[in-house]
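Structure file entry.tsv; described as TSV, C-alpha atoms.
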chain	number	residue	atom	x	y	z
K	1	MET	CA	9.85	-21.89	0.93
K	2	LYS	CA	11.88	-22.56	4.09
K	3	ILE	CA	15.55	-22.87	3.18
K	4	THR	CA	18.23	-23.92	5.66
K	5	LEU	CA	21.97	-23.73	5.14
K	6	THR	CA	24.29	-26.16	6.85
K	7	GLY	CA	28.06	-26.43	6.95
K	8	ALA	CA	31.07	-26.12	9.19
K	9	HIS	CA	32.46	-22.71	10.07
K	10	ARG	CA	34.28	-20.73	7.40
K	11	THR	CA	32.62	-22.36	4.40
K	12	GLY	CA	30.76	-19.29	3.11
K	13	LYS	CA	27.24	-19.82	4.47
K	14	THR	CA	26.79	-16.20	5.56
K	15	THR	CA	28.15	-14.86	2.27
K	16	LEU	CA	25.79	-17.21	0.43
K	17	THR	CA	22.89	-16.05	2.61
K	18	GLU	CA	23.67	-12.44	1.70
K	19	LYS	CA	23.76	-13.33	-2.01
K	20	LEU	CA	20.42	-15.12	-1.69
K	21	GLN	CA	18.89	-12.16	0.12
K	22	GLU	CA	19.94	-9.85	-2.73
K	23	ALA	CA	18.41	-12.20	-5.31
K	24	LEU	CA	15.31	-13.03	-3.25
K	25	PRO	CA	14.24	-9.80	-1.51
K	26	GLU	CA	10.85	-11.33	-0.66
K	27	TYR	CA	12.61	-13.78	1.67
K	28	GLU	CA	13.25	-13.12	5.34
K	29	VAL	CA	16.73	-14.05	6.57
K	30	ARG	CA	17.36	-15.38	10.06
K	31	ASP	CA	20.86	-15.02	11.46
K	32	GLU	CA	22.43	-18.08	12.97
K	33	ALA	CA	21.48	-18.85	16.59
K	34	PHE	CA	24.91	-17.80	17.89
K	35	TYR	CA	24.47	-14.19	16.73
K	36	GLU	CA	20.83	-13.96	17.80
K	37	LEU	CA	21.70	-15.17	21.30
K	38	GLU	CA	24.72	-12.87	21.49
K	39	GLU	CA	22.42	-9.93	20.73
K	40	THR	CA	20.33	-10.86	23.78
K	41	GLY	CA	23.42	-10.70	25.98
K	42	PHE	CA	24.43	-14.37	26.05
K	43	ALA	CA	28.21	-14.62	26.33
K	44	PHE	CA	29.73	-17.72	24.75
K	45	SER	CA	33.14	-19.16	25.55
K	46	GLU	CA	35.82	-18.58	22.93
K	47	ILE	CA	35.41	-22.25	22.05
K	48	PRO	CA	31.80	-23.22	22.88
K	49	SER	CA	31.32	-26.13	25.26
K	50	PRO	CA	28.91	-29.01	24.53
K	51	GLU	CA	26.46	-27.32	26.91
K	52	GLU	CA	26.67	-24.10	24.90
K	53	TYR	CA	26.15	-26.05	21.69
K	54	LEU	CA	23.02	-27.50	23.32
K	55	ILE	CA	21.75	-23.97	23.98
K	56	LEU	CA	22.48	-23.11	20.34
K	57	LEU	CA	20.73	-26.29	19.22
K	58	GLU	CA	17.59	-25.46	21.22
K	59	HIS	CA	17.50	-21.92	19.82
K	60	SER	CA	18.05	-23.18	16.29
K	61	ILE	CA	15.18	-25.69	16.64
K	62	GLU	CA	12.99	-22.87	17.95
K	63	GLN	CA	13.93	-20.64	14.99
K	64	ILE	CA	12.59	-23.23	12.56
K	65	THR	CA	9.56	-24.51	14.45
K	66	ALA	CA	8.31	-21.02	15.38
K	67	ALA	CA	8.88	-19.47	11.94
K	68	GLU	CA	5.61	-18.24	10.50
K	69	ASN	CA	7.02	-16.81	7.29
K	70	GLU	CA	6.91	-19.35	4.47
K	71	ASN	CA	9.69	-17.54	2.57
K	72	ILE	CA	12.64	-17.68	4.92
K	73	ILE	CA	16.34	-18.49	4.78
K	74	PHE	CA	18.14	-19.78	7.86
K	75	ASP	CA	21.89	-19.10	8.02
K	76	ARG	CA	22.68	-22.36	9.88
K	77	CYS	CA	20.33	-24.96	11.25
K	78	PRO	CA	20.02	-27.43	14.15
K	79	LEU	CA	21.92	-30.05	12.18
K	80	ASP	CA	25.06	-27.89	12.47
K	81	MET	CA	24.83	-27.72	16.25
K	82	LEU	CA	24.29	-31.47	16.52
K	83	ALA	CA	27.40	-32.04	14.38
K	84	TYR	CA	29.44	-29.70	16.60
K	85	ILE	CA	28.24	-31.54	19.72
K	86	LEU	CA	29.31	-34.85	18.23
K	87	ALA	CA	32.62	-33.43	16.97
K	88	THR	CA	33.66	-32.18	20.43
K	89	ASP	CA	34.08	-35.78	21.68
K	90	ASP	CA	32.87	-34.55	25.05
K	91	PHE	CA	29.20	-35.49	24.99
K	92	GLU	CA	28.91	-38.50	27.34
K	93	SER	CA	26.12	-36.83	29.31
K	94	ILE	CA	24.19	-35.92	26.16
K	95	ASN	CA	21.73	-38.33	24.54
K	96	ILE	CA	22.70	-37.97	20.87
K	97	LYS	CA	19.91	-40.32	19.70
K	98	THR	CA	17.24	-38.15	21.28
K	99	LEU	CA	18.78	-34.97	19.89
K	100	TYR	CA	19.09	-36.59	16.46
K	101	GLY	CA	15.35	-37.31	16.48
K	102	ARG	CA	14.47	-33.78	17.59
K	103	VAL	CA	16.67	-32.27	14.89
K	104	LYS	CA	15.14	-34.57	12.29
K	105	ASP	CA	11.64	-33.46	13.36
K	106	ALA	CA	12.59	-29.78	13.14
K	107	MET	CA	14.25	-30.24	9.76
K	108	SER	CA	11.11	-31.92	8.41
K	109	GLU	CA	9.49	-28.46	8.61
K	110	THR	CA	11.93	-27.12	6.01
K	111	ASP	CA	11.67	-27.34	2.24
K	112	LEU	CA	15.30	-27.24	1.15
K	113	LEU	CA	18.52	-28.10	2.96
K	114	VAL	CA	21.65	-26.59	1.41
K	115	PHE	CA	24.96	-28.18	2.37
K	116	VAL	CA	27.93	-25.82	2.02
K	117	PRO	CA	30.96	-28.11	2.41
K	118	VAL	CA	34.64	-27.41	2.83
K	119	GLU	CA	35.80	-27.49	-0.77
K	120	VAL	CA	38.99	-29.03	-2.13
K	121	PRO	CA	40.96	-26.98	-2.75
K	122	ASP	CA	39.72	-25.01	0.22
K	123	ARG	CA	38.06	-21.88	-1.17
K	124	ILE	CA	38.07	-19.94	2.11
K	125	GLY	CA	40.73	-21.44	4.36
K	126	CYS	CA	40.77	-21.79	8.10
K	127	PRO	CA	43.64	-20.35	10.14
K	128	SER	CA	44.84	-22.43	13.08
K	129	SER	CA	43.24	-19.93	15.48
K	130	GLU	CA	39.83	-20.93	14.06
K	131	LEU	CA	40.08	-24.65	14.80
K	132	PRO	CA	40.61	-26.26	11.40
K	133	GLU	CA	40.49	-29.79	12.88
K	134	LEU	CA	37.06	-29.13	14.39
K	135	ARG	CA	35.93	-27.61	11.09
K	136	GLN	CA	37.02	-30.71	9.18
K	137	LYS	CA	35.40	-33.07	11.68
K	138	VAL	CA	32.10	-31.18	11.50
K	139	ASN	CA	32.29	-31.17	7.70
K	140	GLU	CA	32.73	-34.96	7.66
K	141	ILE	CA	29.80	-35.49	10.04
K	142	LEU	CA	27.55	-33.21	8.00
K	143	ASN	CA	28.62	-34.89	4.78
K	144	ASP	CA	27.49	-38.23	6.27
K	145	TRP	CA	24.23	-36.92	7.77
K	146	VAL	CA	22.87	-34.20	5.52
K	147	TRP	CA	21.04	-36.56	3.20
K	148	ASP	CA	19.19	-38.15	6.15
K	149	PHE	CA	17.62	-34.88	7.29
K	150	ASN	CA	15.77	-33.63	4.24
K	151	THR	CA	14.75	-35.36	1.05
K	152	ASN	CA	15.30	-32.05	-0.72
K	153	ALA	CA	18.97	-31.59	0.09
K	154	ILE	CA	21.58	-30.21	-2.25
K	155	GLU	CA	25.30	-29.64	-2.02
K	156	VAL	CA	26.60	-26.40	-3.52
K	157	SER	CA	30.08	-25.53	-4.66
K	158	GLY	CA	31.92	-22.79	-6.49
K	159	SER	CA	31.96	-19.04	-6.01
K	160	PRO	CA	29.23	-17.37	-3.93
K	161	SER	CA	27.40	-16.34	-7.13
K	162	VAL	CA	27.60	-19.84	-8.59
K	163	ARG	CA	26.31	-21.31	-5.32
K	164	ARG	CA	23.45	-18.78	-5.27
K	165	ASP	CA	22.50	-19.69	-8.83
K	166	GLN	CA	22.47	-23.42	-7.97
K	167	ILE	CA	19.93	-22.71	-5.23
K	168	ILE	CA	17.83	-20.36	-7.38
K	169	ARG	CA	17.53	-23.08	-10.04
K	170	ILE	CA	16.14	-25.46	-7.39
K	171	ILE	CA	13.70	-22.83	-6.08
K	172	LYS	CA	12.38	-22.24	-9.60
K	173	GLN	CA	11.57	-25.95	-9.89
K	174	TYR	CA	9.08	-25.67	-7.00
Can I see the file as structure tokens?
Amino acid sequence: MKITLTGAHRTGKTTLTEKLQEALPEYEVRDEAFYELEETGFAFSEIPSPEEYLILLEHSIEQITAAENENIIFDRCPLDMLAYILATDDFESINIKTLYGRVKDAMSETDLLVFVPVEVPDRIGCPSSELPELRQKVNEILNDWVWDFNTNAIEVSGSPSVRRDQIIRIIKQY
């Protein structure tokens, strides 16, 4: 099963991925595109530009479309990068419609889309140095879009263990 996690920064996706990996050792875990590209020497700006988000988007699409393992968990997905591009308000030169279609095609290759939203009250918090306004904007975009990108989409909430268990219940239904 190909599982993708989506959500703004500082919502607990990586912690959830770690919990899933413990519970599902037969699954491969792919780090988010940002970390994979950083490992290859790519240096991102402190606050990524729309162009850098495009690079992340392309890598994230490639992660999904090139994945041969059927049991894989992606810590982030192309949908996240598209939401960040839209949330930057600086995308005039970018064709969002075309990107939307490409992301939708890539996401059709996944089996489960897990939305990890900003919870109220905020379970993790976001200090001002980590762009809480951008985080909230991305969360709102994802909340509007997530259901359009995979018919098997779920929203999780609660502690990391509770979130993990919500996903495991869905996996057992397959």
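Distance annotation: of K:Glu130, K:Glu32, K:Glu155, K:Asp165, the residue with the minimal separation from Phe115 in chain K is K:Glu155; atom set is all atoms listed in the file.
Going from CA of Ile3 in chain K to CA of Glu70 in chain K covers 9.4 Å.
Distances to Asn71 in chain K were evaluated for K:Ile124, K:Leu20, K:Leu86, K:Ile154 using only C-alpha atoms, and the minimum falls at K:Leu20.
Closest to Ile141 in chain K among K:Thr4, K:Ser128, K:Gln21, K:Thr88 is K:Thr88, based on only C-alpha atoms.
Here CA of Glu28 in chain K and CA of Lys2 in chain K stand 9.6 Å from one another.
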Checklist entry - For Asn95 in chain K, which residue among K:Leu56, K:Ile167, K:Leu82, K:Leu37 is the nearest when counting all atoms listed in the file? => result K:Leu82
Near Tyr100 in chain K, within 12 Å and counting only C-alpha atoms, which residues show up once chain neighbours fewer than 4 positions away are dropped, as a tab-separated table (two decimals) with C-alpha atoms, in the frame of the given file?
chain	number	residue	atom	x	y	z
K	57	LEU	CA	20.73	-26.29	19.22
K	61	ILE	CA	15.18	-25.69	16.64
K	78	PRO	CA	20.02	-27.43	14.15
K	79	LEU	CA	21.92	-30.05	12.18
K	80	ASP	CA	25.06	-27.89	12.47
K	81	MET	CA	24.83	-27.72	16.25
K	82	LEU	CA	24.29	-31.47	16.52
K	83	ALA	CA	27.40	-32.04	14.38
K	85	ILE	CA	28.24	-31.54	19.72
K	86	LEU	CA	29.31	-34.85	18.23
K	94	ILE	CA	24.19	-35.92	26.16
K	95	ASN	CA	21.73	-38.33	24.54
K	96	ILE	CA	22.70	-37.97	20.87
K	104	LYS	CA	15.14	-34.57	12.29
K	105	ASP	CA	11.64	-33.46	13.36
K	106	ALA	CA	12.59	-29.78	13.14
K	107	MET	CA	14.25	-30.24	9.76
K	145	TRP	CA	24.23	-36.92	7.77
K	146	VAL	CA	22.87	-34.20	5.52
K	148	ASP	CA	19.19	-38.15	6.15
K	149	PHE	CA	17.62	-34.88	7.29
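Across the model, the gap from CA of Ser157 in chain K to CA of Arg102 in chain K is 28.4 Å.
All residues of protein, DNA or RNA that reach within 12 Å of Pro48 in chain K, judged by only C-alpha atoms and not counting those fewer than 4 positions away in the chain, are Phe34, Phe42, Ala43, Phe44, Glu52, Tyr53, Leu54, Ile55, Leu56, Met81, Tyr84, Ile85, Ala87, Thr88, Asp90, Leu131 and Leu134 of chain K.
Across K:Leu99, K:Ile171, K:Val156, K:Ile72, the tightest approach to Pro117 in chain K is made by K:Val156 when counting only C-alpha atoms.
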Item to check | Non-local contacts of Glu119 in chain K (12 Å; only C-alpha atoms; under 6 positions in same chain excluded) as an NGL selection string | outcome: :K and (7-8 or 10-12 or 125-126 or 135-136 or 139-140 or 143 or 155-159)
Next on the checklist: With only C-alpha atoms as the counted atoms, please give the residues lying no more than 8 Å from Leu16 in chain K, apart from itself and same-chain residues fewer than 2 positions off, as a ChimeraX atom specification.
Outcome noted: /K:12-14,18-20,160-161,163-164
Item to check | Closest of K:Asn152, K:Ser129, K:Gln166, K:Ser60 to Val103 in chain K - atom-to-atom distances counting only C-alpha atoms | outcome: K:Ser60
